>>> print(open('work21.cif').read())   # mmCIF, C-alpha atoms
data_data
loop_
_atom_site.label_atom_id
_atom_site.label_comp_id
_atom_site.auth_asym_id
_atom_site.auth_seq_id
_atom_site.Cartn_x
_atom_site.Cartn_y
_atom_site.Cartn_z
CA MET A 212 11.93 -126.11 -86.43
CA ILE A 213 13.81 -126.43 -83.20
CA PHE A 214 13.66 -123.60 -80.73
CA SER A 215 16.45 -123.26 -78.23
CA TRP A 216 15.29 -122.13 -74.83
CA ARG A 217 16.46 -122.06 -71.29
CA ARG A 218 14.34 -122.54 -68.23
CA LYS A 219 14.31 -119.38 -66.14
CA LYS A 220 15.62 -119.90 -62.68
CA LYS A 221 13.11 -119.24 -59.97
CA VAL A 222 14.34 -116.31 -57.90
CA THR A 223 12.91 -116.05 -54.44
CA LYS A 224 13.06 -112.55 -53.04
CA LEU A 225 12.76 -111.95 -49.35
CA ASN A 226 10.11 -109.45 -48.47
CA SER A 227 12.28 -106.78 -46.89
CA CYS A 228 9.20 -104.86 -45.82
CA LYS A 229 8.09 -107.66 -43.51
CA GLU A 230 9.04 -106.92 -39.93
CA LEU A 231 10.51 -109.82 -38.02
CA THR A 232 8.92 -110.34 -34.61
CA ILE A 233 10.88 -111.98 -31.82
CA PRO A 234 8.77 -114.60 -29.99
CA SER A 235 7.81 -113.29 -26.56
CA HIS A 236 9.23 -116.34 -24.73
CA PHE A 237 12.63 -115.61 -26.31
CA ARG A 238 12.75 -112.13 -24.78
CA CYS A 239 14.17 -111.31 -21.38
CA PRO A 240 11.33 -109.92 -19.20
CA ILE A 241 13.70 -107.27 -17.82
CA SER A 242 15.34 -105.85 -20.96
CA LEU A 243 12.78 -107.17 -23.52
CA ASP A 244 15.75 -108.09 -25.74
CA LEU A 245 16.54 -111.48 -27.23
CA MET A 246 18.12 -113.64 -24.51
CA LYS A 247 21.73 -114.68 -25.10
CA ASP A 248 22.24 -116.75 -21.96
CA PRO A 249 18.82 -117.74 -20.60
CA VAL A 250 18.70 -118.87 -16.98
CA THR A 251 15.80 -119.82 -14.70
CA LEU A 252 15.05 -118.73 -11.14
CA CYS A 253 13.36 -120.82 -8.47
CA THR A 254 10.03 -119.24 -9.54
CA GLY A 255 10.31 -120.90 -12.96
CA ILE A 256 10.71 -117.65 -14.91
CA SER A 257 13.60 -117.39 -17.39
CA TYR A 258 15.78 -114.29 -17.76
CA ASP A 259 18.98 -113.32 -19.51
CA ARG A 260 21.81 -114.08 -17.09
CA GLU A 261 23.40 -110.61 -17.19
CA ASN A 262 20.10 -108.83 -16.43
CA ILE A 263 18.96 -111.04 -13.57
CA GLU A 264 22.41 -110.96 -11.96
CA LYS A 265 22.26 -107.14 -11.96
CA TRP A 266 18.77 -107.37 -10.44
CA ILE A 267 19.98 -109.60 -7.61
CA GLU A 268 23.15 -107.54 -7.05
CA ALA A 269 20.90 -104.49 -6.55
CA GLN A 270 19.64 -106.19 -3.33
CA ASN A 271 16.30 -107.20 -4.85
CA SER A 272 14.85 -110.35 -3.25
CA THR A 273 11.76 -110.88 -5.39
CA CYS A 274 11.09 -112.26 -8.86
CA PRO A 275 10.79 -109.32 -11.33
CA VAL A 276 7.77 -110.90 -13.09
CA THR A 277 5.76 -112.62 -10.34
CA ASN A 278 6.98 -110.41 -7.48
CA GLN A 279 7.22 -113.55 -5.35
CA PRO A 280 9.95 -113.71 -2.68
CA LEU A 281 12.93 -115.74 -3.86
CA ARG A 282 13.53 -118.79 -1.68
CA ASN A 283 17.08 -118.90 -2.99
CA PHE A 284 19.22 -117.10 -5.53
CA ASP A 285 20.28 -120.15 -7.52
CA ILE A 286 20.49 -119.47 -11.25
CA ILE A 287 20.02 -122.55 -13.46
CA PRO A 288 20.95 -122.43 -17.18
CA ASN A 289 17.92 -123.05 -19.41
CA HIS A 290 19.47 -125.14 -22.18
CA THR A 291 16.10 -125.89 -23.82
CA ILE A 292 15.21 -122.22 -24.41
CA ARG A 293 18.78 -121.46 -25.50
CA LYS A 294 18.66 -124.23 -28.13
CA MET A 295 15.29 -122.98 -29.39
CA ILE A 296 16.66 -119.43 -29.66
CA GLN A 297 19.71 -120.66 -31.58
CA ASP A 298 17.51 -122.61 -34.03
CA TRP A 299 15.27 -119.59 -34.51
CA CYS A 300 18.30 -117.40 -35.24
CA VAL A 301 19.53 -119.85 -37.89
CA GLU A 302 16.10 -119.98 -39.53
CA ASN A 303 15.95 -116.18 -39.73
CA LYS A 304 19.55 -115.44 -40.73
CA ASN A 305 18.28 -113.82 -43.95
CA TYR A 306 16.85 -111.07 -41.77
CA GLY A 307 20.29 -110.28 -40.44
CA ILE A 308 19.82 -112.24 -37.21
CA GLU A 309 23.10 -113.61 -35.90
CA ARG A 310 23.17 -116.96 -34.15
CA VAL A 311 23.47 -116.67 -30.38
CA SER A 312 26.68 -118.40 -29.36
CA THR A 313 26.68 -121.03 -26.65
CA PRO A 314 27.68 -119.24 -23.43
CA ARG A 315 30.79 -120.38 -21.63
CA ILE A 316 30.75 -121.50 -18.03
CA PRO A 317 31.58 -118.48 -15.80
CA ILE A 318 34.91 -118.65 -14.02
CA ASP A 319 35.18 -118.90 -10.25
CA SER A 320 37.62 -117.33 -7.83
CA SER A 321 39.81 -120.45 -7.58
CA GLN A 322 40.63 -120.27 -11.31
CA VAL A 323 41.50 -116.59 -11.08
CA THR A 324 43.62 -117.15 -7.96
CA GLU A 325 45.57 -119.88 -9.76
CA ILE A 326 46.27 -117.57 -12.72
CA CYS A 327 47.43 -114.84 -10.32
CA SER A 328 49.80 -117.20 -8.50
CA ARG A 329 51.34 -118.41 -11.75
CA LEU A 330 51.66 -114.88 -13.07
CA MET A 331 53.49 -113.69 -9.94
CA ILE A 332 55.90 -116.63 -10.09
CA GLU A 333 56.65 -116.12 -13.80
CA ALA A 334 57.11 -112.36 -13.30
CA GLN A 335 59.59 -112.84 -10.46
CA GLN A 336 61.54 -115.23 -12.69
CA GLY A 337 61.47 -112.70 -15.54
CA ASN A 338 59.67 -115.06 -17.94
CA GLU A 339 58.11 -112.58 -20.35
CA LYS A 340 56.60 -115.16 -22.71
CA LYS A 341 54.72 -117.01 -19.99
CA CYS A 342 53.53 -113.73 -18.47
CA ARG A 343 52.13 -112.58 -21.80
CA GLU A 344 50.24 -115.86 -22.16
CA LEU A 345 48.69 -115.49 -18.70
CA VAL A 346 47.79 -111.83 -19.26
CA GLU A 347 46.15 -112.79 -22.54
CA ARG A 348 44.23 -115.53 -20.72
CA VAL A 349 42.87 -112.92 -18.30
CA ARG A 350 41.88 -110.66 -21.21
CA ILE A 351 39.96 -113.46 -22.94
CA LEU A 352 38.14 -114.44 -19.74
CA ALA A 353 37.15 -110.83 -19.05
CA LYS A 354 35.85 -110.44 -22.59
CA GLU A 355 33.50 -113.41 -22.24
CA SER A 356 31.15 -111.78 -19.74
CA GLU A 357 30.71 -108.98 -17.23
CA ARG A 358 30.47 -111.62 -14.51
CA ASN A 359 33.96 -112.85 -15.35
CA LYS A 360 35.28 -109.30 -15.34
CA LYS A 361 33.76 -108.64 -11.92
CA CYS A 362 35.27 -111.86 -10.54
CA ILE A 363 38.70 -110.89 -11.88
CA VAL A 364 38.54 -107.47 -10.21
CA GLU A 365 37.33 -108.88 -6.88
CA CYS A 366 40.14 -111.46 -6.82
CA GLY A 367 42.78 -108.71 -6.85
CA VAL A 368 44.20 -109.23 -10.33
CA GLY A 369 44.76 -105.47 -10.53
CA TYR A 370 47.36 -105.68 -7.76
CA VAL A 371 49.11 -108.56 -9.54
CA PHE A 372 49.15 -106.62 -12.82
CA ALA A 373 50.54 -103.55 -11.03
CA THR A 374 53.27 -105.64 -9.42
CA CYS A 375 54.23 -107.18 -12.76
CA PHE A 376 54.23 -103.74 -14.37
CA GLU A 377 56.70 -102.46 -11.78
CA ILE A 378 58.92 -105.54 -12.18
CA PHE A 379 59.17 -105.22 -15.96
CA SER A 380 59.04 -101.39 -16.17
CA MET A 381 62.84 -101.06 -16.26
CA GLY A 382 63.23 -103.61 -19.05
CA ILE A 383 62.47 -103.64 -22.75
CA GLN A 384 59.37 -105.86 -22.64
CA GLU A 385 57.25 -103.24 -24.39
CA GLU A 386 54.42 -105.53 -25.54
CA LEU A 387 53.96 -107.12 -22.13
CA LEU A 388 53.87 -103.70 -20.46
CA LYS A 389 51.29 -102.49 -22.98
CA ASP A 390 49.12 -105.55 -22.28
CA LEU A 391 49.35 -104.94 -18.53
CA LEU A 392 48.39 -101.27 -18.95
CA SER A 393 45.43 -102.21 -21.15
CA GLY A 394 44.16 -104.62 -18.52
CA MET A 395 44.55 -102.21 -15.63
CA THR A 396 42.32 -99.57 -17.27
CA TRP A 397 39.21 -101.46 -16.04
CA MET A 398 40.60 -103.08 -12.86
CA PHE A 399 40.50 -100.10 -10.50
CA PRO A 400 40.27 -99.86 -7.53
CA ILE A 401 43.36 -102.02 -7.05
CA GLY A 402 43.98 -101.28 -3.38
CA GLN A 403 46.66 -99.21 -1.69
CA GLU A 404 49.32 -101.87 -2.24
CA GLY A 405 48.64 -101.92 -5.97
CA ILE A 406 48.74 -98.13 -6.13
CA SER A 407 52.09 -98.13 -4.32
CA LYS A 408 53.51 -100.29 -7.12
CA LEU A 409 52.30 -97.90 -9.83
CA VAL A 410 53.45 -94.69 -8.14
CA SER A 411 57.03 -95.90 -7.93
CA SER A 412 59.45 -93.83 -10.00
CA THR A 413 60.13 -96.68 -12.45
CA SER A 414 56.41 -97.30 -13.10
CA LEU A 415 55.61 -93.61 -13.56
CA ARG A 416 58.55 -93.09 -15.92
CA CYS A 417 57.41 -96.09 -17.94
CA MET A 418 53.88 -94.66 -18.29
CA ALA A 419 55.29 -91.27 -19.27
CA ARG A 420 57.42 -93.02 -21.90
CA PHE A 421 54.35 -94.66 -23.41
CA MET A 422 52.56 -91.29 -23.48
CA ARG A 423 55.38 -89.93 -25.64
CA GLY A 424 55.35 -92.94 -27.96
CA GLU A 425 53.67 -93.49 -31.31
CA ASP A 426 51.35 -96.32 -30.22
CA LEU A 427 47.99 -94.55 -29.81
CA SER A 428 46.46 -97.37 -27.78
CA ALA A 429 49.39 -97.40 -25.33
CA ARG A 430 49.24 -93.61 -24.98
CA GLN A 431 45.53 -93.78 -24.25
CA ASN A 432 45.86 -96.59 -21.69
CA ALA A 433 48.77 -94.86 -19.93
CA VAL A 434 46.86 -91.62 -19.37
CA ILE A 435 43.74 -93.54 -18.21
CA VAL A 436 45.75 -95.44 -15.60
CA MET A 437 47.37 -92.17 -14.50
CA LYS A 438 43.94 -90.59 -14.08
CA GLU A 439 42.79 -93.50 -11.89
CA LEU A 440 45.95 -93.22 -9.80
CA LEU A 441 45.30 -89.53 -9.14
CA TYR A 442 41.67 -90.27 -8.27
CA TYR A 443 42.54 -92.84 -5.62
CA ASP A 444 45.78 -91.25 -4.38
CA GLN A 445 46.07 -87.49 -4.82
CA SER A 446 49.38 -87.45 -2.95
CA CYS A 447 51.15 -88.98 -5.95
CA THR A 448 51.01 -85.64 -7.78
CA ASN A 449 54.29 -84.57 -6.20
CA ALA A 450 55.92 -87.74 -7.54
CA LEU A 451 54.45 -87.11 -11.00
CA ILE A 452 55.91 -83.63 -11.42
CA ASP A 453 59.40 -85.03 -10.93
CA ILE A 454 59.00 -87.21 -14.03
CA GLU A 455 60.96 -85.76 -16.92
CA ASP A 456 58.89 -84.55 -19.89
CA LEU A 457 55.58 -85.50 -18.22
CA VAL A 458 54.20 -81.98 -18.66
CA GLU A 459 55.14 -81.98 -22.33
CA SER A 460 53.59 -85.44 -22.80
CA LEU A 461 50.28 -84.30 -21.31
CA TYR A 462 50.37 -81.14 -23.43
CA GLN A 463 50.88 -83.22 -26.58
CA MET A 464 47.97 -85.50 -25.58
CA VAL A 465 45.71 -82.43 -25.67
CA LYS A 466 47.32 -80.79 -28.71
CA VAL A 467 47.22 -83.93 -30.85
CA PRO A 468 43.99 -85.59 -29.67
CA ILE A 469 43.35 -89.29 -30.11
CA CYS A 470 39.63 -89.13 -29.36
CA PRO A 471 37.29 -86.97 -27.23
CA SER A 472 37.36 -89.40 -24.30
CA THR A 473 41.18 -89.39 -24.20
CA THR A 474 41.23 -85.58 -24.38
CA LYS A 475 38.86 -85.46 -21.43
CA VAL A 476 41.04 -87.88 -19.45
CA SER A 477 44.18 -85.86 -20.28
CA LEU A 478 42.55 -82.63 -19.10
CA THR A 479 41.45 -84.41 -15.92
CA VAL A 480 45.03 -85.46 -15.22
CA ILE A 481 46.30 -81.91 -15.83
CA TYR A 482 43.62 -80.48 -13.54
CA SER A 483 44.47 -82.97 -10.79
CA ILE A 484 48.19 -82.18 -11.02
CA ILE A 485 47.78 -78.40 -10.83
CA SER A 486 45.11 -78.69 -8.11
CA TYR A 487 46.74 -81.13 -5.70
CA THR A 488 50.43 -80.28 -6.11
CA SER A 489 52.03 -78.80 -3.01
CA SER A 490 52.14 -74.99 -2.93
CA GLU A 491 55.90 -74.74 -3.51
CA ASN A 492 55.63 -76.79 -6.72
CA ASN A 493 52.27 -75.46 -7.91
CA LYS A 494 53.54 -72.23 -9.44
CA LYS A 495 56.38 -74.09 -11.14
CA ILE A 496 54.14 -76.67 -12.78
CA VAL A 497 51.57 -74.05 -13.87
CA SER A 498 54.36 -71.97 -15.37
CA LYS A 499 55.48 -74.95 -17.48
CA PHE A 500 51.99 -75.53 -18.88
CA VAL A 501 51.45 -71.82 -19.56
CA ASN A 502 54.79 -71.38 -21.34
CA MET A 503 54.03 -74.36 -23.56
CA GLY A 504 50.86 -72.63 -24.74
CA LEU A 505 48.18 -74.62 -22.94
CA VAL A 506 46.11 -71.48 -22.24
CA CYS A 507 45.70 -70.69 -25.94
CA LEU A 508 45.19 -74.37 -26.77
CA VAL A 509 42.36 -74.76 -24.26
CA LEU A 510 40.70 -71.52 -25.37
CA GLU A 511 40.67 -72.65 -28.99
CA MET A 512 39.33 -76.04 -27.91
CA LEU A 513 36.43 -74.41 -26.03
CA VAL A 514 35.01 -72.99 -29.26
CA ASP A 515 33.57 -76.36 -30.30
CA CYS A 516 33.79 -79.46 -28.12
CA GLU A 517 31.77 -81.68 -25.78
CA LYS A 518 30.28 -80.32 -22.56
CA SER A 519 32.47 -82.51 -20.35
CA ILE A 520 35.60 -81.23 -22.10
CA ILE A 521 34.39 -77.63 -21.77
CA GLU A 522 33.99 -78.14 -18.01
CA LYS A 523 37.51 -79.50 -17.62
CA GLY A 524 39.01 -76.80 -19.85
CA LEU A 525 37.32 -73.97 -17.94
CA ALA A 526 38.37 -75.46 -14.59
CA ILE A 527 42.00 -75.52 -15.77
CA LEU A 528 41.83 -71.92 -17.02
CA ASP A 529 40.32 -70.85 -13.69
CA ILE A 530 43.38 -72.20 -11.86
CA PHE A 531 45.78 -70.69 -14.40
CA CYS A 532 44.19 -67.27 -13.80
CA ASN A 533 45.31 -67.45 -10.17
CA PHE A 534 48.79 -66.65 -11.50
CA GLU A 535 50.01 -63.57 -13.33
CA GLU A 536 51.54 -65.66 -16.12
CA GLY A 537 48.22 -67.36 -16.76
CA LYS A 538 46.25 -64.12 -16.77
CA GLN A 539 48.76 -62.46 -19.10
CA LYS A 540 48.45 -65.30 -21.62
CA ALA A 541 44.68 -65.03 -21.42
CA TYR A 542 44.84 -61.27 -22.09
CA GLU A 543 47.08 -61.83 -25.10
CA HIS A 544 44.52 -64.10 -26.75
CA GLY A 545 42.08 -61.87 -28.58
CA LEU A 546 39.01 -64.08 -28.10
CA THR A 547 39.39 -64.91 -24.41
CA MET A 548 36.60 -62.68 -23.11
CA ALA A 549 34.24 -63.63 -25.95
CA ILE A 550 34.76 -67.37 -25.51
CA ILE A 551 34.40 -67.32 -21.72
CA ALA A 552 31.37 -65.00 -21.81
CA LYS A 553 29.61 -67.32 -24.24
CA LYS A 554 29.85 -70.28 -21.84
CA ILE A 555 27.82 -68.57 -19.11
CA MET A 556 24.39 -70.27 -18.85
CA ARG A 557 25.13 -72.25 -22.02
CA VAL A 558 26.81 -75.45 -20.87
CA THR A 559 26.45 -76.65 -17.26
CA GLU A 560 26.29 -75.12 -13.80
CA MET A 561 29.94 -75.98 -13.21
CA ALA A 562 30.93 -74.32 -16.48
CA THR A 563 28.99 -71.19 -15.50
CA ASP A 564 30.73 -71.05 -12.11
CA CYS A 565 34.17 -71.40 -13.70
CA SER A 566 33.39 -68.82 -16.40
CA ILE A 567 32.28 -66.22 -13.85
CA SER A 568 35.34 -66.94 -11.72
CA ILE A 569 37.66 -66.46 -14.73
CA LEU A 570 35.98 -63.20 -15.71
CA TRP A 571 36.15 -61.97 -12.13
CA LYS A 572 39.91 -62.62 -12.00
CA LEU A 573 40.55 -61.01 -15.38
CA CYS A 574 38.42 -57.92 -14.70
CA LYS A 575 39.97 -57.25 -11.29
CA SER A 576 43.53 -57.46 -12.51
CA GLY A 577 45.27 -54.08 -12.15
CA ASN A 578 46.63 -52.77 -15.46
CA ASN A 579 44.12 -54.55 -17.70
CA GLU A 580 41.04 -53.82 -15.61
CA ASN A 581 39.61 -51.05 -17.77
CA ASN A 582 39.82 -52.88 -21.08
CA SER A 583 38.55 -56.17 -19.65
CA VAL A 584 35.51 -54.64 -17.95
CA ILE A 585 34.54 -52.61 -21.03
CA GLU A 586 34.91 -55.66 -23.28
CA ALA A 587 32.79 -57.72 -20.89
CA LEU A 588 30.08 -55.05 -20.98
CA GLU A 589 30.10 -54.99 -24.77
CA LEU A 590 29.74 -58.78 -24.84
CA GLY A 591 26.59 -58.69 -22.73
CA VAL A 592 28.14 -60.21 -19.61
CA PHE A 593 26.21 -57.77 -17.42
CA GLN A 594 22.81 -59.14 -18.46
CA LYS A 595 24.00 -62.73 -18.15
CA LEU A 596 25.21 -62.15 -14.61
CA LEU A 597 21.82 -60.72 -13.67
CA VAL A 598 20.13 -63.86 -15.01
CA VAL A 599 22.55 -66.08 -13.07
CA LEU A 600 21.74 -64.26 -9.84
CA GLN A 601 18.01 -64.45 -10.52
CA VAL A 602 18.09 -68.18 -11.33
CA GLY A 603 20.34 -68.96 -8.36
CA CYS A 604 23.92 -70.12 -7.88
CA GLY A 605 26.45 -71.01 -5.20
CA GLU A 606 27.57 -68.51 -2.58
CA LYS A 607 31.08 -68.02 -4.02
CA THR A 608 29.72 -67.53 -7.53
CA LYS A 609 27.10 -65.12 -6.22
CA GLU A 610 29.76 -63.01 -4.49
CA LYS A 611 31.92 -62.85 -7.62
CA ALA A 612 28.97 -62.07 -9.89
CA THR A 613 27.83 -59.26 -7.58
CA GLU A 614 31.34 -57.76 -7.46
CA LEU A 615 31.54 -57.90 -11.25
CA LEU A 616 28.20 -56.16 -11.61
CA LYS A 617 29.23 -53.36 -9.27
CA LEU A 618 32.54 -52.99 -11.10
CA MET A 619 30.79 -52.80 -14.47
CA ASN A 620 28.48 -50.14 -13.10
CA LEU A 621 31.51 -47.85 -12.78
CA TYR A 622 32.18 -48.13 -16.53
CA LYS A 623 28.62 -47.85 -17.83
CA ASP A 624 29.21 -44.41 -19.33
CA ARG A 625 31.89 -45.74 -21.65
CA VAL A 626 29.60 -48.25 -23.33
CA ASP A 627 27.03 -47.08 -25.87
CA CYS A 628 24.89 -50.20 -25.90
CA PHE A 629 23.13 -49.50 -22.57
CA ASP A 630 20.32 -47.11 -21.76
CA GLY A 631 20.96 -47.24 -18.05
CA SER A 632 17.81 -49.17 -17.07
CA THR A 633 19.72 -52.33 -16.28
CA PHE A 634 22.08 -50.40 -14.02
CA LYS A 635 19.13 -48.90 -12.17
CA TYR A 636 17.88 -52.44 -11.63
CA LEU A 637 21.28 -53.40 -10.22
CA LYS A 638 21.26 -50.45 -7.80
CA LYS A 639 17.74 -51.34 -6.66
CA SER A 640 18.31 -55.07 -6.24
CA TYR A 641 21.91 -55.33 -5.05
#
>>> encode(input="work21.cif", output="structure tokens")
Amino acid sequence: MIFSWRRKKKVTKLNSCKELTIPSHFRCPISLDLMKDPVTLCTGISYDRENIEKWIEAQNSTCPVTNQPLRNFDIIPNHTIRKMIQDWCVENKNYGIERVSTPRIPIDSSQVTEICSRLMIEAQQGNEKKCRELVERVRILAKESERNKKCIVECGVGYVFATCFEIFSMGIQEELLKDLLSGMTWMFPIGQEGISKLVSSTSLRCMARFMRGEDLSARQNAVIVMKELLYYDQSCTNALIDIEDLVESLYQMVKVPICPSTTKVSLTVIYSIISYTSSENNKKIVSKFVNMGLVCLVLEMLVDCEKSIIEKGLAILDIFCNFEEGKQKAYEHGLTMAIIAKKIMRVTEMATDCSISILWKLCKSGNNENNSVIEALELGVFQKLLVVLQVGCGEKTKEKATELLKLMNLYKDRVDCFDGSTFKYLKKSY
């Protein structure tokens, strides 16, 4: 009798429970992570290039391991260790270890200067294709390492990008303009000359156009560049408010959020505009935002969002409440007092200061004073203000909190939730 049979294949299973240990000489002594670009100092100790460069840039003049003074700051690539690390990664790929790529030689200032010169020439000649190639070259170099990115910034590429952006901003070279905006998001500061190129009417209108567009990445980059402009040159706010539909574009950036970071940047831009605009234009610009519904939008956003966004939102509402239109919109929203009261002592010190300032403005506002003060009492604002004063706060916040407490004391008989002991404490302490 013949039996048919097949030999079972031997299946080797990797023990997933075994923990892979990185050899100690493959780890950077500073970060304790696997080295990607090992280099050696004059002391003979190897480090990952990025970590040791940060160490030296921090004005340290000793070896992190031996603590010996460095005779020089020469950094020599350790090709032997790098090759050993690459071989080890290949051997352990089943553990999910990716092979460390061979690092590229860092660029120097002469290479960057050459790219800048060519880019300026091609931009002045209106050669969009060549400009896009050079901008892409800069992007690739910056992506290779932080050292390359730092070199690009120090060589003034931001000014060149800003100049090219102004040159092409009146044309239809949309993709080139988007690439330039994307690059400039990490190139600030770009110097006063570079800023002057971006605050021109053509450049600002171009950025506003991108903010109204459908390309989410372009919208995000445009508002980031605008935020950096306002940070380094607050005087450009008066030029910004003359841009058609800019207010609506910023409102839409908040109403239809791309991501939390972009919302935060958009609120920062709005705050800068309404804070630094000249007095004759300030009321006009605030009125536009209020009529669009930004007060209600920010209040609804404050219910559940990140701390940094809450800070920006409260700061904007605080400025809006300097104007009757802003206060009226806040009164009309049924949850205004509840939302603002909840942020006291719950987020950050800045948020507490803004919340108290908003409540102070709303409670001391003529016709609506009675209702606002009583609602604040019912929400427990009185007790929170006492805690703020006991913990400590700034002088302006202290003055406003004390005024609010004294004002609430006048309405204590209309609220059933107090036994009067807290008001006796107020009379005794303040």
>>> atom_distance(input="work21.cif", atom1="CA of Asp564 (chain A)", atom2="CA of Ser486 (chain A)")
16.8 Å
>>> atom_distance(input="work21.cif", atom1="CA of Ala429 (chain A)", atom2="CA of Lys389 (chain A)")
5.9 Å
>>> resolve_selection(input="work21.cif", expression="the PyMOL selection byres ((chain A and resi 309-320) around 10)", output="MDAnalysis selection string")
chainID A and resid 245:249 288 290 293:294 296:308 321:326 352:353 355:360 362:363 365:366
>>> resolve_selection(input="work21.cif", expression="the PyMOL selection byres ((chain A and resi 380) around 7)", output="PyMOL selection string")
chain A and resi 376-379+381-382+413-414+417
>>> atom_distance(input="work21.cif", atom1="CA of Ser412 (chain A)", atom2="CA of Thr396 (chain A)")
19.5 Å
>>> resolve_selection(input="work21.cif", expression="the PyMOL selection byres ((chain A and resi 499) around 12)", output="list in words")
Ile452, Asp456, Leu457, Val458, Glu459, Ser460, Leu461, Tyr462, Ile481, Ile485, Asn492, Asn493, Lys494, Lys495, Ile496, Val497, Ser498, Phe500, Val501, Asn502, Met503, Gly504, Leu505, Val506, Phe531, Glu536 and Gly537 of chain A
>>> closest_residue(input="work21.cif", among="A:Leu621, A:Leu546, A:Ile484, A:Ile569", to="Ala526 (chain A)", atoms="all atoms listed in the file")
A:Ile569
>>> closest_residue(input="work21.cif", among="A:Val584, A:Cys604, A:Glu339, A:Ser519", to="Met556 (chain A)", atoms="all atoms listed in the file")
A:Cys604
>>> closest_residue(input="work21.cif", among="A:Gln384, A:Thr547, A:Asn262, A:Thr273", to="Glu586 (chain A)", atoms="all atoms listed in the file")
A:Thr547
>>> residues_around(input="work21.cif", residues="His544 (chain A)", least_positions_apart="3", cutoff="10 Å", atoms="all atoms listed in the file", output="PyMOL selection string")
chain A and resi 506-507+510-511+539-541+547-548
>>> closest_residue(input="work21.cif", among="A:Asn278, A:Asn581, A:Thr563, A:Asn432", to="Lys623 (chain A)", atoms="all atoms listed in the file")
A:Asn581
>>> residues_near_point(input="work21.cif", point="(29.3, -71.4, -25.0)", cutoff="10 Å", atoms="all atoms listed in the file", output="list in words")
Leu513, Val514, Asp515, Cys516, Lys518, Ile521, Ala549, Ile550, Ile551, Ala552, Lys553, Lys554, Ile555, Met556, Arg557, Val558, Thr559, Ala562, Thr563 and Ser566 of chain A
>>> build_atoms(input="work21.cif", residues="region 447-459 of chain A", atoms="N, CA and C atoms", output="CSV table (one decimal), in the coordinates of the input")
chain,number,residue,atom,x,y,z
A,447,CYS,N,50.1,-88.6,-5.0
A,447,CYS,CA,51.2,-89.0,-6.0
A,447,CYS,C,51.5,-87.9,-7.0
A,448,THR,N,50.7,-86.7,-6.9
A,448,THR,CA,51.0,-85.6,-7.8
A,448,THR,C,52.4,-85.1,-7.6
A,449,ASN,N,52.9,-85.1,-6.4
A,449,ASN,CA,54.3,-84.6,-6.2
A,449,ASN,C,55.3,-85.5,-6.8
A,450,ALA,N,55.0,-86.8,-6.9
A,450,ALA,CA,55.9,-87.7,-7.5
A,450,ALA,C,55.8,-87.6,-9.1
A,451,LEU,N,54.6,-87.3,-9.6
A,451,LEU,CA,54.4,-87.1,-11.0
A,451,LEU,C,55.2,-85.9,-11.6
A,452,ILE,N,55.3,-84.8,-10.9
A,452,ILE,CA,55.9,-83.6,-11.4
A,452,ILE,C,57.4,-83.8,-11.5
A,453,ASP,N,58.0,-84.8,-10.8
A,453,ASP,CA,59.4,-85.0,-10.9
A,453,ASP,C,59.8,-85.9,-12.2
A,454,ILE,N,58.7,-86.4,-12.8
A,454,ILE,CA,59.0,-87.2,-14.0
A,454,ILE,C,59.4,-86.3,-15.2
A,455,GLU,N,60.5,-86.6,-15.8
A,455,GLU,CA,61.0,-85.8,-16.9
A,455,GLU,C,60.0,-85.8,-18.1
A,456,ASP,N,59.7,-84.7,-18.7
A,456,ASP,CA,58.9,-84.6,-19.9
A,456,ASP,C,57.4,-84.9,-19.7
A,457,LEU,N,57.0,-85.1,-18.4
A,457,LEU,CA,55.6,-85.5,-18.2
A,457,LEU,C,54.7,-84.4,-18.6
A,458,VAL,N,55.0,-83.1,-18.3
A,458,VAL,CA,54.2,-82.0,-18.7
A,458,VAL,C,54.1,-81.9,-20.2
A,459,GLU,N,55.2,-82.1,-20.9
A,459,GLU,CA,55.1,-82.0,-22.3
A,459,GLU,C,54.3,-83.1,-22.9
